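Asker: The file below is run01.cif, mmCIF, C-alpha atoms:
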data_model
#
loop_
_atom_site.label_atom_id
_atom_site.label_comp_id
_atom_site.auth_asym_id
_atom_site.auth_seq_id
_atom_site.Cartn_x
_atom_site.Cartn_y
_atom_site.Cartn_z
CA MET T 1 -145.77 107.72 -102.16
CA ARG T 2 -148.46 108.02 -99.48
CA THR T 3 -150.95 109.12 -102.14
CA TYR T 4 -150.05 106.06 -104.28
CA ILE T 5 -150.54 103.68 -101.32
CA PHE T 6 -153.84 105.37 -100.46
CA LEU T 7 -155.07 104.89 -104.04
CA LEU T 8 -154.10 101.22 -104.00
CA LEU T 9 -155.97 100.74 -100.73
CA LEU T 10 -158.96 102.57 -102.13
CA ILE T 11 -158.99 100.35 -105.21
CA GLY T 12 -158.66 97.26 -103.02
CA VAL T 13 -161.52 98.32 -100.74
CA SER T 14 -163.67 99.16 -103.77
CA TYR T 15 -163.00 95.73 -105.31
CA PHE T 16 -163.64 93.96 -102.01
CA SER T 17 -166.90 95.85 -101.53
CA GLN T 18 -168.00 94.97 -105.05
CA ALA T 19 -167.25 91.28 -104.41
CA GLN T 20 -169.31 91.42 -101.20
CA ASP T 21 -172.33 93.00 -102.92
CA TYR T 22 -173.34 89.54 -104.17
CA TYR T 23 -174.20 86.39 -102.28
CA TYR T 24 -172.37 83.27 -103.47
CA PRO T 25 -173.78 79.97 -102.19
CA GLU T 26 -171.34 77.39 -100.86
CA ARG T 27 -171.24 73.91 -102.38
CA ASN T 28 -174.32 71.88 -101.36
CA GLU T 29 -175.75 74.85 -99.46
CA ASN T 30 -179.49 75.45 -99.61
CA TRP T 31 -179.61 78.53 -101.81
CA LYS T 32 -180.62 81.58 -99.77
CA GLY T 33 -183.54 83.68 -100.90
CA LYS T 34 -184.90 87.13 -100.21
CA THR T 35 -188.29 88.63 -100.83
CA PRO T 36 -188.71 90.66 -104.01
CA GLU T 37 -189.88 93.58 -101.83
CA SER T 38 -186.48 93.74 -100.12
CA PHE T 39 -185.05 94.79 -103.49
CA ASP T 40 -187.99 97.02 -104.45
CA ILE T 41 -189.04 94.40 -107.00
CA LYS T 42 -192.75 94.05 -107.75
CA PRO T 43 -193.87 90.65 -106.37
CA ARG T 44 -197.14 90.45 -108.29
CA GLN T 45 -195.44 91.20 -111.59
CA LEU T 46 -192.73 88.63 -110.79
CA LYS T 47 -195.42 86.04 -110.05
CA LYS T 48 -196.96 86.79 -113.46
CA ALA T 49 -193.63 85.90 -115.08
CA VAL T 50 -193.36 82.64 -113.13
CA ASP T 51 -196.98 81.68 -113.85
CA PHE T 52 -196.36 82.44 -117.52
CA ALA T 53 -193.33 80.12 -117.61
CA LEU T 54 -195.30 77.34 -115.93
CA ALA T 55 -198.23 77.76 -118.35
CA ASN T 56 -196.09 77.73 -121.51
CA GLU T 57 -194.11 74.50 -121.44
CA TYR T 58 -192.08 73.56 -124.51
CA SER T 59 -194.52 71.95 -126.95
CA GLY T 60 -192.12 69.40 -128.46
CA GLY T 61 -192.86 66.76 -125.84
CA ARG T 62 -190.76 65.48 -122.95
CA ASP T 63 -189.14 62.58 -124.80
CA LEU T 64 -186.21 64.50 -126.25
CA ARG T 65 -185.04 61.69 -128.50
CA ILE T 66 -188.33 62.02 -130.38
CA ALA T 67 -188.23 65.83 -130.21
CA ILE T 68 -184.72 65.88 -131.73
CA VAL T 69 -185.72 63.58 -134.59
CA LYS T 70 -188.80 65.69 -135.34
CA GLY T 71 -186.98 68.99 -134.89
CA PHE T 72 -184.23 68.17 -137.38
CA THR T 73 -186.17 65.99 -139.82
CA ARG T 74 -185.08 68.12 -142.83
CA GLU T 75 -181.42 67.36 -142.29
CA PRO T 76 -179.97 64.66 -144.58
CA TYR T 77 -178.28 61.76 -142.76
CA HIS T 78 -179.08 63.23 -139.34
CA GLN T 79 -178.12 60.80 -136.58
CA ILE T 80 -178.43 60.67 -132.82
CA LEU T 81 -174.91 59.75 -131.76
CA GLY T 82 -174.91 60.84 -128.12
CA PRO T 83 -177.10 60.19 -125.09
CA THR T 84 -180.52 61.81 -124.64
CA LYS T 85 -182.92 62.03 -121.72
CA LYS T 86 -186.59 62.76 -121.12
CA HIS T 87 -186.89 66.17 -119.51
CA GLY T 88 -188.88 67.32 -116.49
CA GLY T 89 -191.40 70.11 -116.25
CA PRO T 90 -190.79 73.84 -116.60
CA THR T 91 -188.09 74.97 -114.20
CA GLY T 92 -186.37 78.22 -113.39
CA MET T 93 -184.70 80.60 -110.97
CA ILE T 94 -184.44 84.37 -110.83
CA LEU T 95 -181.55 85.78 -108.80
CA LYS T 96 -181.02 89.32 -107.56
CA ASN T 97 -177.51 90.01 -106.20
CA GLY T 98 -177.18 86.22 -106.00
CA TYR T 99 -180.26 85.69 -103.80
CA VAL T 100 -183.24 83.71 -105.09
CA ILE T 101 -186.24 85.98 -105.52
CA ALA T 102 -188.28 83.46 -107.54
CA GLU T 103 -188.01 79.78 -108.43
CA TRP T 104 -190.24 77.10 -109.90
CA GLY T 105 -190.02 73.41 -110.73
CA ASP T 106 -187.30 70.97 -109.66
CA THR T 107 -184.15 73.13 -109.70
CA LYS T 108 -181.87 70.20 -108.80
CA ARG T 109 -183.04 67.96 -111.65
CA VAL T 110 -180.37 67.23 -114.29
CA ASP T 111 -181.59 67.68 -117.86
CA MET T 112 -180.17 68.19 -121.32
CA THR T 113 -179.47 71.83 -122.11
CA PHE T 114 -178.63 71.68 -125.84
CA SER T 115 -176.97 74.82 -127.22
CA VAL T 116 -176.57 76.48 -123.83
CA THR T 117 -173.54 74.15 -123.89
CA LYS T 118 -171.98 76.48 -126.48
CA SER T 119 -171.57 79.25 -123.90
CA TYR T 120 -169.73 76.80 -121.61
CA LEU T 121 -167.54 75.80 -124.56
CA SER T 122 -166.83 79.49 -125.21
CA THR T 123 -165.67 79.74 -121.59
CA VAL T 124 -163.20 76.88 -122.10
CA ALA T 125 -161.80 78.86 -125.05
CA GLY T 126 -161.55 81.94 -122.82
CA LEU T 127 -159.61 79.97 -120.24
CA ALA T 128 -157.21 78.80 -122.96
CA LEU T 129 -156.62 82.42 -123.96
CA ASP T 130 -156.21 83.53 -120.34
CA LYS T 131 -153.59 80.82 -119.74
CA GLY T 132 -151.67 81.52 -122.93
CA LEU T 133 -152.55 78.22 -124.61
CA ILE T 134 -154.02 80.39 -127.37
CA SER T 135 -152.07 83.58 -128.14
CA SER T 136 -154.90 85.42 -129.86
CA THR T 137 -158.38 84.65 -131.16
CA GLY T 138 -157.10 86.07 -134.46
CA ASP T 139 -154.65 83.16 -134.82
CA LEU T 140 -155.11 80.64 -137.60
CA LEU T 141 -156.21 77.16 -136.51
CA THR T 142 -153.48 75.63 -138.67
CA ASN T 143 -151.02 76.83 -136.02
CA TYR T 144 -152.74 74.69 -133.37
CA VAL T 145 -154.25 71.62 -135.07
CA PHE T 146 -151.77 69.56 -137.05
CA ASP T 147 -154.06 67.16 -138.93
CA ALA T 148 -156.19 67.66 -142.06
CA THR T 149 -159.05 69.48 -140.29
CA PHE T 150 -157.92 72.87 -141.63
CA ASP T 151 -155.82 71.80 -144.63
CA SER T 152 -158.03 72.89 -147.54
CA GLU T 153 -157.50 76.24 -149.27
CA HIS T 154 -160.68 77.51 -147.63
CA ASN T 155 -160.30 76.02 -144.16
CA LYS T 156 -156.69 77.11 -143.69
CA LYS T 157 -157.91 80.75 -143.50
CA ILE T 158 -160.06 80.05 -140.42
CA THR T 159 -159.20 81.66 -137.08
CA TRP T 160 -160.45 81.05 -133.54
CA ASP T 161 -162.55 84.20 -133.90
CA HIS T 162 -164.32 82.74 -136.92
CA LEU T 163 -165.23 79.52 -135.08
CA LEU T 164 -166.34 81.38 -131.96
CA THR T 165 -168.61 83.73 -133.91
CA GLN T 166 -169.96 80.99 -136.23
CA SER T 167 -168.63 82.84 -139.27
CA SER T 168 -166.00 80.33 -140.46
CA ASP T 169 -168.04 78.47 -143.10
CA TRP T 170 -165.73 75.54 -142.32
CA SER T 171 -166.26 72.85 -144.92
CA GLY T 172 -166.01 69.16 -144.12
CA SER T 173 -167.21 66.33 -141.92
CA ILE T 174 -166.46 65.41 -138.32
CA TRP T 175 -167.67 62.34 -136.41
CA GLY T 176 -169.68 61.36 -139.51
CA LEU T 177 -171.67 64.64 -139.54
CA HIS T 178 -171.42 67.01 -142.54
CA ASP T 179 -171.33 70.79 -142.28
CA TRP T 180 -173.63 71.27 -145.28
CA ALA T 181 -176.31 68.93 -143.85
CA ASP T 182 -176.67 70.97 -140.65
CA ARG T 183 -179.70 73.28 -140.97
CA PRO T 184 -179.65 73.35 -144.79
CA PRO T 185 -181.44 76.09 -146.75
CA LYS T 186 -185.13 75.67 -147.43
CA GLU T 187 -184.43 75.77 -151.15
CA GLY T 188 -182.37 73.38 -153.25
CA SER T 189 -181.29 69.77 -152.99
CA ILE T 190 -178.43 67.80 -151.47
CA ASP T 191 -176.16 68.50 -154.45
CA ASP T 192 -176.86 72.23 -154.17
CA TRP T 193 -175.94 72.19 -150.49
CA LYS T 194 -172.85 69.99 -150.89
CA TYR T 195 -171.35 71.96 -153.77
CA ARG T 196 -172.33 75.48 -152.70
CA ALA T 197 -169.99 78.43 -153.08
CA LEU T 198 -168.10 78.96 -149.83
CA HIS T 199 -168.08 82.29 -148.03
CA GLU T 200 -164.80 83.89 -147.06
CA PRO T 201 -164.20 83.16 -143.35
CA GLY T 202 -165.40 86.05 -141.21
CA THR T 203 -167.91 87.40 -143.73
CA TYR T 204 -171.01 85.24 -143.22
CA PHE T 205 -172.87 84.02 -140.10
CA LYS T 206 -174.32 80.51 -140.10
CA TYR T 207 -175.50 78.77 -136.95
CA ASN T 208 -174.01 75.31 -137.34
CA ASP T 209 -173.41 72.59 -134.73
CA VAL T 210 -170.93 70.64 -136.84
CA ARG T 211 -168.59 73.63 -136.90
CA VAL T 212 -169.02 74.10 -133.15
CA ASN T 213 -167.91 70.49 -132.78
CA VAL T 214 -164.83 71.43 -134.81
CA LEU T 215 -164.17 74.17 -132.25
CA SER T 216 -164.52 71.65 -129.41
CA TYR T 217 -162.13 69.27 -131.16
CA SER T 218 -159.64 72.10 -131.72
CA LEU T 219 -159.78 73.11 -128.06
CA LEU T 220 -159.18 69.49 -127.08
CA ASN T 221 -156.00 69.58 -129.17
CA VAL T 222 -154.91 72.73 -127.32
CA TRP T 223 -155.74 71.61 -123.78
CA ARG T 224 -154.62 68.02 -124.45
CA LYS T 225 -157.03 66.67 -121.83
CA PRO T 226 -160.81 66.16 -121.72
CA LEU T 227 -162.69 69.46 -121.81
CA PRO T 228 -165.10 68.36 -119.03
CA GLN T 229 -162.04 68.05 -116.76
CA VAL T 230 -160.98 71.58 -117.72
CA LEU T 231 -164.44 72.97 -117.00
CA LYS T 232 -164.67 71.07 -113.70
CA THR T 233 -161.26 72.12 -112.39
CA GLU T 234 -161.22 75.72 -113.60
CA ILE T 235 -164.87 76.73 -113.24
CA MET T 236 -167.42 74.31 -111.82
CA ASP T 237 -165.53 73.24 -108.68
CA PRO T 238 -164.53 76.81 -107.74
CA ILE T 239 -168.14 78.04 -108.09
CA GLY T 240 -169.39 75.17 -105.92
CA ALA T 241 -171.34 73.33 -108.63
CA SER T 242 -172.85 69.97 -107.76
CA SER T 243 -171.41 66.58 -108.65
CA THR T 244 -174.37 65.82 -110.93
CA TRP T 245 -173.54 67.63 -114.19
CA ARG T 246 -172.06 65.74 -117.16
CA TRP T 247 -170.70 66.79 -120.56
CA PHE T 248 -171.05 64.15 -123.28
CA GLY T 249 -169.74 63.67 -126.77
CA TYR T 250 -170.77 61.05 -129.32
CA GLN T 251 -170.29 57.30 -129.36
CA ASN T 252 -167.67 57.75 -132.11
CA SER T 253 -166.01 61.05 -131.10
CA TRP T 254 -162.80 59.53 -129.74
CA THR T 255 -159.38 60.83 -130.73
CA PRO T 256 -155.83 59.99 -129.55
CA ILE T 257 -154.25 62.64 -127.30
CA ASP T 258 -150.76 61.89 -125.99
CA GLY T 259 -151.23 58.17 -126.49
CA VAL T 260 -154.66 58.02 -124.80
CA GLU T 261 -158.06 57.89 -126.47
CA VAL T 262 -160.03 60.95 -125.35
CA LYS T 263 -163.64 61.79 -126.19
CA SER T 264 -164.25 65.12 -127.90
CA VAL T 265 -167.44 66.57 -126.43
CA SER T 266 -170.22 68.19 -128.43
CA GLY T 267 -171.28 71.82 -128.27
CA GLY T 268 -174.97 70.94 -128.03
CA GLY T 269 -177.56 68.17 -128.13
CA HIS T 270 -178.43 68.43 -131.83
CA SER T 271 -177.26 64.83 -132.26
CA GLY T 272 -177.53 63.92 -128.59
CA GLY T 273 -174.87 64.62 -125.99
CA GLY T 274 -173.83 68.06 -124.81
CA LEU T 275 -174.16 69.32 -121.25
CA PHE T 276 -176.59 67.61 -118.86
CA ILE T 277 -176.99 69.90 -115.87
CA SER T 278 -179.30 71.24 -113.17
CA THR T 279 -180.95 74.64 -113.05
CA GLU T 280 -179.01 75.50 -109.89
CA ASP T 281 -175.66 74.79 -111.54
CA HIS T 282 -176.71 76.97 -114.49
CA ALA T 283 -177.50 79.71 -111.96
CA ARG T 284 -173.99 79.49 -110.50
CA PHE T 285 -172.52 79.79 -114.00
CA GLY T 286 -174.72 82.80 -114.70
CA MET T 287 -173.60 84.40 -111.42
CA LEU T 288 -169.97 83.98 -112.45
CA PHE T 289 -170.66 86.03 -115.57
CA LEU T 290 -172.71 88.63 -113.70
CA SER T 291 -169.65 88.97 -111.42
CA LYS T 292 -167.46 89.56 -114.50
CA GLY T 293 -165.50 86.35 -114.04
CA SER T 294 -164.96 86.43 -110.27
CA TRP T 295 -166.56 84.20 -107.65
CA ASN T 296 -166.68 85.66 -104.16
CA GLY T 297 -163.58 87.76 -104.89
CA LYS T 298 -161.58 84.98 -106.61
CA ARG T 299 -160.76 85.59 -110.26
CA LEU T 300 -161.64 82.53 -112.41
CA LEU T 301 -162.07 84.06 -115.87
CA SER T 302 -160.67 87.33 -117.12
CA GLU T 303 -162.99 90.29 -117.41
CA SER T 304 -161.41 90.99 -120.80
CA TRP T 305 -162.62 87.60 -122.05
CA ILE T 306 -166.19 88.28 -120.92
CA GLU T 307 -166.05 91.59 -122.75
CA LYS T 308 -164.82 89.81 -125.91
CA ALA T 309 -167.45 87.08 -125.58
CA THR T 310 -170.28 89.60 -125.26
CA THR T 311 -169.18 91.98 -128.02
CA ALA T 312 -171.21 91.86 -131.23
CA SER T 313 -169.48 90.09 -134.10
CA THR T 314 -169.11 91.73 -137.50
CA THR T 315 -171.45 89.22 -139.16
CA ASN T 316 -174.29 89.21 -136.59
CA PRO T 317 -175.10 92.06 -134.18
CA ASN T 318 -176.94 89.58 -131.93
CA TYR T 319 -174.04 87.15 -131.54
CA GLY T 320 -170.71 87.26 -129.75
CA TYR T 321 -168.46 84.35 -128.84
CA LEU T 322 -171.20 81.69 -128.62
CA TRP T 323 -173.40 84.03 -126.54
CA TRP T 324 -176.54 85.76 -127.82
CA LEU T 325 -176.64 89.54 -127.37
CA ASN T 326 -179.55 91.94 -127.02
CA LYS T 327 -178.29 94.37 -129.65
CA LYS T 328 -180.47 96.00 -132.30
CA GLY T 329 -180.92 93.28 -134.87
CA PRO T 330 -183.23 90.36 -135.70
CA ARG T 331 -183.26 89.08 -132.08
CA TYR T 332 -183.51 92.44 -130.32
CA TRP T 333 -185.76 92.54 -127.23
CA GLU T 334 -187.44 95.91 -127.72
CA GLY T 335 -187.14 98.17 -124.69
CA ALA T 336 -184.62 95.96 -122.87
CA ALA T 337 -181.06 97.07 -122.11
CA GLU T 338 -178.61 96.37 -124.91
CA ASN T 339 -176.00 94.94 -122.54
CA ILE T 340 -178.23 91.97 -121.70
CA TYR T 341 -176.77 88.70 -123.01
CA TYR T 342 -177.86 85.10 -122.83
CA ALA T 343 -177.20 81.45 -123.61
CA ALA T 344 -180.02 79.72 -125.49
CA GLY T 345 -180.76 76.10 -126.31
CA PHE T 346 -183.32 73.91 -128.10
CA GLY T 347 -186.47 73.25 -126.11
CA GLY T 348 -186.53 76.62 -124.39
CA ASN T 349 -183.37 76.58 -122.24
CA PHE T 350 -181.98 80.00 -121.29
CA ILE T 351 -179.42 81.63 -119.02
CA VAL T 352 -180.01 85.40 -119.14
CA VAL T 353 -177.59 87.89 -117.57
CA ILE T 354 -178.97 91.39 -116.85
CA PRO T 355 -175.97 93.43 -115.63
CA ASP T 356 -177.77 96.74 -115.01
CA GLN T 357 -180.16 95.10 -112.56
CA ASP T 358 -177.71 92.57 -111.01
CA VAL T 359 -180.10 89.83 -112.10
CA VAL T 360 -179.65 86.33 -113.54
CA VAL T 361 -182.61 84.46 -115.01
CA ILE T 362 -182.66 80.72 -115.69
CA THR T 363 -185.68 79.30 -117.46
CA ARG T 364 -186.00 75.79 -118.87
CA TRP T 365 -188.56 74.08 -121.07
CA LEU T 366 -190.27 77.36 -121.94
CA GLU T 367 -191.83 77.42 -125.41
CA PRO T 368 -189.09 79.28 -127.35
CA SER T 369 -191.53 81.62 -129.09
CA LYS T 370 -192.67 82.80 -125.64
CA VAL T 371 -189.29 83.88 -124.25
CA VAL T 372 -189.72 87.53 -125.28
CA SER T 373 -193.09 87.74 -123.52
CA PHE T 374 -191.64 86.02 -120.46
CA MET T 375 -188.68 88.41 -120.30
CA GLU T 376 -190.96 91.42 -120.72
CA LYS T 377 -192.77 90.33 -117.56
CA VAL T 378 -189.49 89.79 -115.69
CA LEU T 379 -188.17 93.19 -116.72
CA LYS T 380 -191.38 94.93 -115.68
CA ALA T 381 -190.98 93.36 -112.24
CA ILE T 382 -187.33 94.26 -111.66
CA GLU T 383 -187.09 97.70 -113.27
#
Output the file's structure as structure tokens, nothing else.

Answerer:
Amino acid sequence: MRTYIFLLLLIGVSYFSQAQDYYYPERNENWKGKTPESFDIKPRQLKKAVDFALANEYSGGRDLRIAIVKGFTREPYHQILGPTKKHGGPTGMILKNGYVIAEWGDTKRVDMTFSVTKSYLSTVAGLALDKGLISSTGDLLTNYVFDATFDSEHNKKITWDHLLTQSSDWSGSIWGLHDWADRPPKEGSIDDWKYRALHEPGTYFKYNDVRVNVLSYSLLNVWRKPLPQVLKTEIMDPIGASSTWRWFGYQNSWTPIDGVEVKSVSGGGHSGGGLFISTEDHARFGMLFLSKGSWNGKRLLSESWIEKATTASTTNPNYGYLWWLNKKGPRYWEGAAENIYYAAGFGGNFIVVIPDQDVVVITRWLEPSKVVSFMEKVLKAIE
């Protein structure tokens, strides 16, 4: 009995010590920093990374309404249905054990973050699983959404896992946007895309915002309240996020939930909307994941969910549950640890979690083709 109690105490002390290894800023606190040298990090190499980010701003222009139209000009019937905003200059933070070791730009400025939103949406799904609102990610959506969204012979085979890994090949339209018109193939015409042969759910990866919006709508049906409220109550308030972030849907993405019209939010800014947020709030979110779902010793998200979310899917070794993974595949960062994972969005928005080094990197408005070079410089500094 004494041995058992001793082991429990040992486990408790170990967990407490682990929680205390990181610094967690309080709400509205000026984020504490430490010198790179205090962590045996190379300051000159770190400065090279920061200078590189500042010198390689996203080339699409700061007016994101124009950038979106230009970026998705090949898509038939593409519409901007949600709000947009002109963005600021290159911005970022690099944290070691929670302390700022480098920062640049206006880290409190709220900007669009595009598909980084998907990793927040994934977290809302994880919370639903943790709370038993979803029994298993292998469950069919027809067990959770009563309307015609999953009624067809093809769509009724779709599970939560398929939507989370972008392997559902869901076929249809939502909020006036068509699945087949989202990032269509370079070959063929509208008829070819509309009447294509469908892939069996779970066998084919296709990055598709319309289907992510189907996931958001499905989660709204499960939670039965606005997803921004879920994120705020369960995650953003406990991690001390600011009051400035917003999560938007589209002007027409309203649906009745328990007799009240509720807006279904989008999983990105492809058609406007998505998460508008500061670099500092991104950094808090990244710290939550570095801490395996705990914030200063308080469990907010299960460690098992984070493991699921960052496990390679069967259809894409570089993709988990709406998180990008540094596994050997088309998006592999040569020489970097394979347990690195990251959220990525249009315009060069990234949250990068580096577990082996206890580091979180936020970079915004970095030319997307330059992210590998940027991360090489960061890794040289911290390793």

Asker: For the structure shown, which residues end up in the PyMOL selection byres ((chain T and resi 32-41) around 8)? Put them as a list in words, please?

Answerer: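 Applied to this file, the PyMOL selection byres ((chain T and resi 32-41) around 8) selects Pro25, Asn30, Trp31, Lys42, Pro43, Leu46, Lys96, Tyr99, Val100, Ile101, Ala381, Ile382 and Glu383 of chain T.
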
Asker: Skipping near chain neighbours, those fewer than 5 positions away, what residues fall within 9 Å of Tyr341 in chain T using all atoms listed in the file, listed as a count of residues only?

Answerer: 12

Asker: Let me make sure I understand: among T:Met236, T:Ala181, T:Val69, T:Val359, which one has the smallest atom-to-atom distance to Ile277 in chain T if we use all atoms listed in the file?

Answerer: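 Closest to Ile277 in chain T, using all atoms listed in the file: T:Met236.
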
Asker: Determine, counting only C-alpha atoms, which protein, DNA and RNA residues have an atom within 12 Å of an atom of range 245-249 of chain T; residues of the same chain fewer than 6 positions away are not included. Present the result as JSON, numbers by chain.

Answerer: {"T": [80, 81, 82, 83, 84, 108, 109, 110, 111, 112, 113, 114, 116, 117, 118, 120, 121, 175, 213, 216, 217, 226, 227, 228, 229, 230, 231, 232, 236, 237, 255, 262, 263, 264, 265, 266, 267, 268, 269, 270, 271, 272, 273, 274, 275, 276, 277, 278, 279, 280, 281, 282]}

Asker: Here's the selection I'm unsure about, the PyMOL selection byres ((chain T and resi 152-156) around 9); applied to the file above, which residues does it give, as a CSV table (one decimal) with C-alpha atoms, keeping the file's coordinate frame?

Answerer:
chain,number,residue,atom,x,y,z
T,140,LEU,CA,-155.1,80.6,-137.6
T,141,LEU,CA,-156.2,77.2,-136.5
T,142,THR,CA,-153.5,75.6,-138.7
T,148,ALA,CA,-156.2,67.7,-142.1
T,149,THR,CA,-159.0,69.5,-140.3
T,150,PHE,CA,-157.9,72.9,-141.6
T,151,ASP,CA,-155.8,71.8,-144.6
T,157,LYS,CA,-157.9,80.8,-143.5
T,158,ILE,CA,-160.1,80.0,-140.4
T,159,THR,CA,-159.2,81.7,-137.1
T,168,SER,CA,-166.0,80.3,-140.5
T,169,ASP,CA,-168.0,78.5,-143.1
T,170,TRP,CA,-165.7,75.5,-142.3
T,171,SER,CA,-166.3,72.8,-144.9
T,172,GLY,CA,-166.0,69.2,-144.1
T,198,LEU,CA,-168.1,79.0,-149.8
T,199,HIS,CA,-168.1,82.3,-148.0
T,200,GLU,CA,-164.8,83.9,-147.1
T,201,PRO,CA,-164.2,83.2,-143.4

Asker: Can you work out the spacing between CA of Leu164 in chain T and CA of Tyr321 in chain T in Å, to one decimal?

Answerer: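 CA of Leu164 in chain T sits 4.8 Å away from CA of Tyr321 in chain T.
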
Asker: Determine the residue membership of the PyMOL selection byres ((chain T and resi 179) around 9) for the file above and supply it as a list in words.

Answerer: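 Written out, the selection comes to Asp169, Trp170, Ser171, Gly172, Ser173, Ile174, Leu177, His178, Trp180, Ala181, Asp182, Arg183, Lys194, Asn208, Asp209, Val210 and Arg211 of chain T.
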
Asker: Find the residues around Glu57 in chain T up to 7 Å (only C-alpha atoms counted), leave out those fewer than 3 positions away in its own chain, and share them as a list in words.

Answerer: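 Selected residues are Ala53, Leu54, Pro90, Trp365, Leu366 and Glu367 of chain T.
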
Asker: Give me, as a list in words, all polymer residues having an atom no more than 12 Å from Glu303 in chain T, counting only C-alpha atoms and skipping those fewer than 5 positions away in the same chain.

Answerer: Thr123, Gly126, Leu127, Asp130, Leu288, Phe289, Leu290, Ser291, Lys292, Gly293, Ser294, Lys308, Ala309 and Thr310 of chain T

Asker: Please identify all polymer residues within 8 Å of Thr137 in chain T, counting only C-alpha atoms, omitting same-chain residues fewer than 5 positions from it, and present them as a ChimeraX atom specification.

Answerer: /T:129,159-161

Asker: Between T:Ala125, T:Val378, T:Trp295, T:Thr165, single out the one closest to Gln357 in chain T, counting all atoms listed in the file.

Answerer: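 Closest to Gln357 in chain T, using all atoms listed in the file: T:Val378.
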
Asker: Rounded to one decimal place, report the CA of Val222 in chain T-CA of Ser243 in chain T distance in Å.

Answerer: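 Interatomic distance, CA of Val222 in chain T to CA of Ser243 in chain T: 25.7 Å.
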
Asker: Under the rule that all atoms listed in the file are counted, which of T:Ala344, T:Gly176, T:Lys85, T:Ser369 is the nearest residue to Ser253 in chain T?

Answerer: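 Result for the nearest residue to Ser253 in chain T: T:Gly176.
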
Asker: For the atom pair CA of Thr363 in chain T and CA of Asn97 in chain T, what is the interatomic distance in Å to one decimal place?

Answerer: 17.6 Å

Asker: Tell me which of T:Arg284, T:Arg27, T:Arg224, T:Lys86 sits closest to Arg62 in chain T, counting all atoms listed in the file.

Answerer: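 Closest to Arg62 in chain T, using all atoms listed in the file: T:Lys86.
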
Asker: Could you tell me which of T:Ser115, T:Thr73, T:Ser136, T:Gln79 comes closest to Gly348 in chain T if we count all atoms listed in the file?

Answerer: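 Closest to Gly348 in chain T of all the choices is T:Ser115.
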
Asker: Counting all atoms listed in the file, which of T:Lys298, T:Phe205, T:Val371, T:Glu334 gets nearest to Thr314 in chain T?

Answerer: T:Phe205
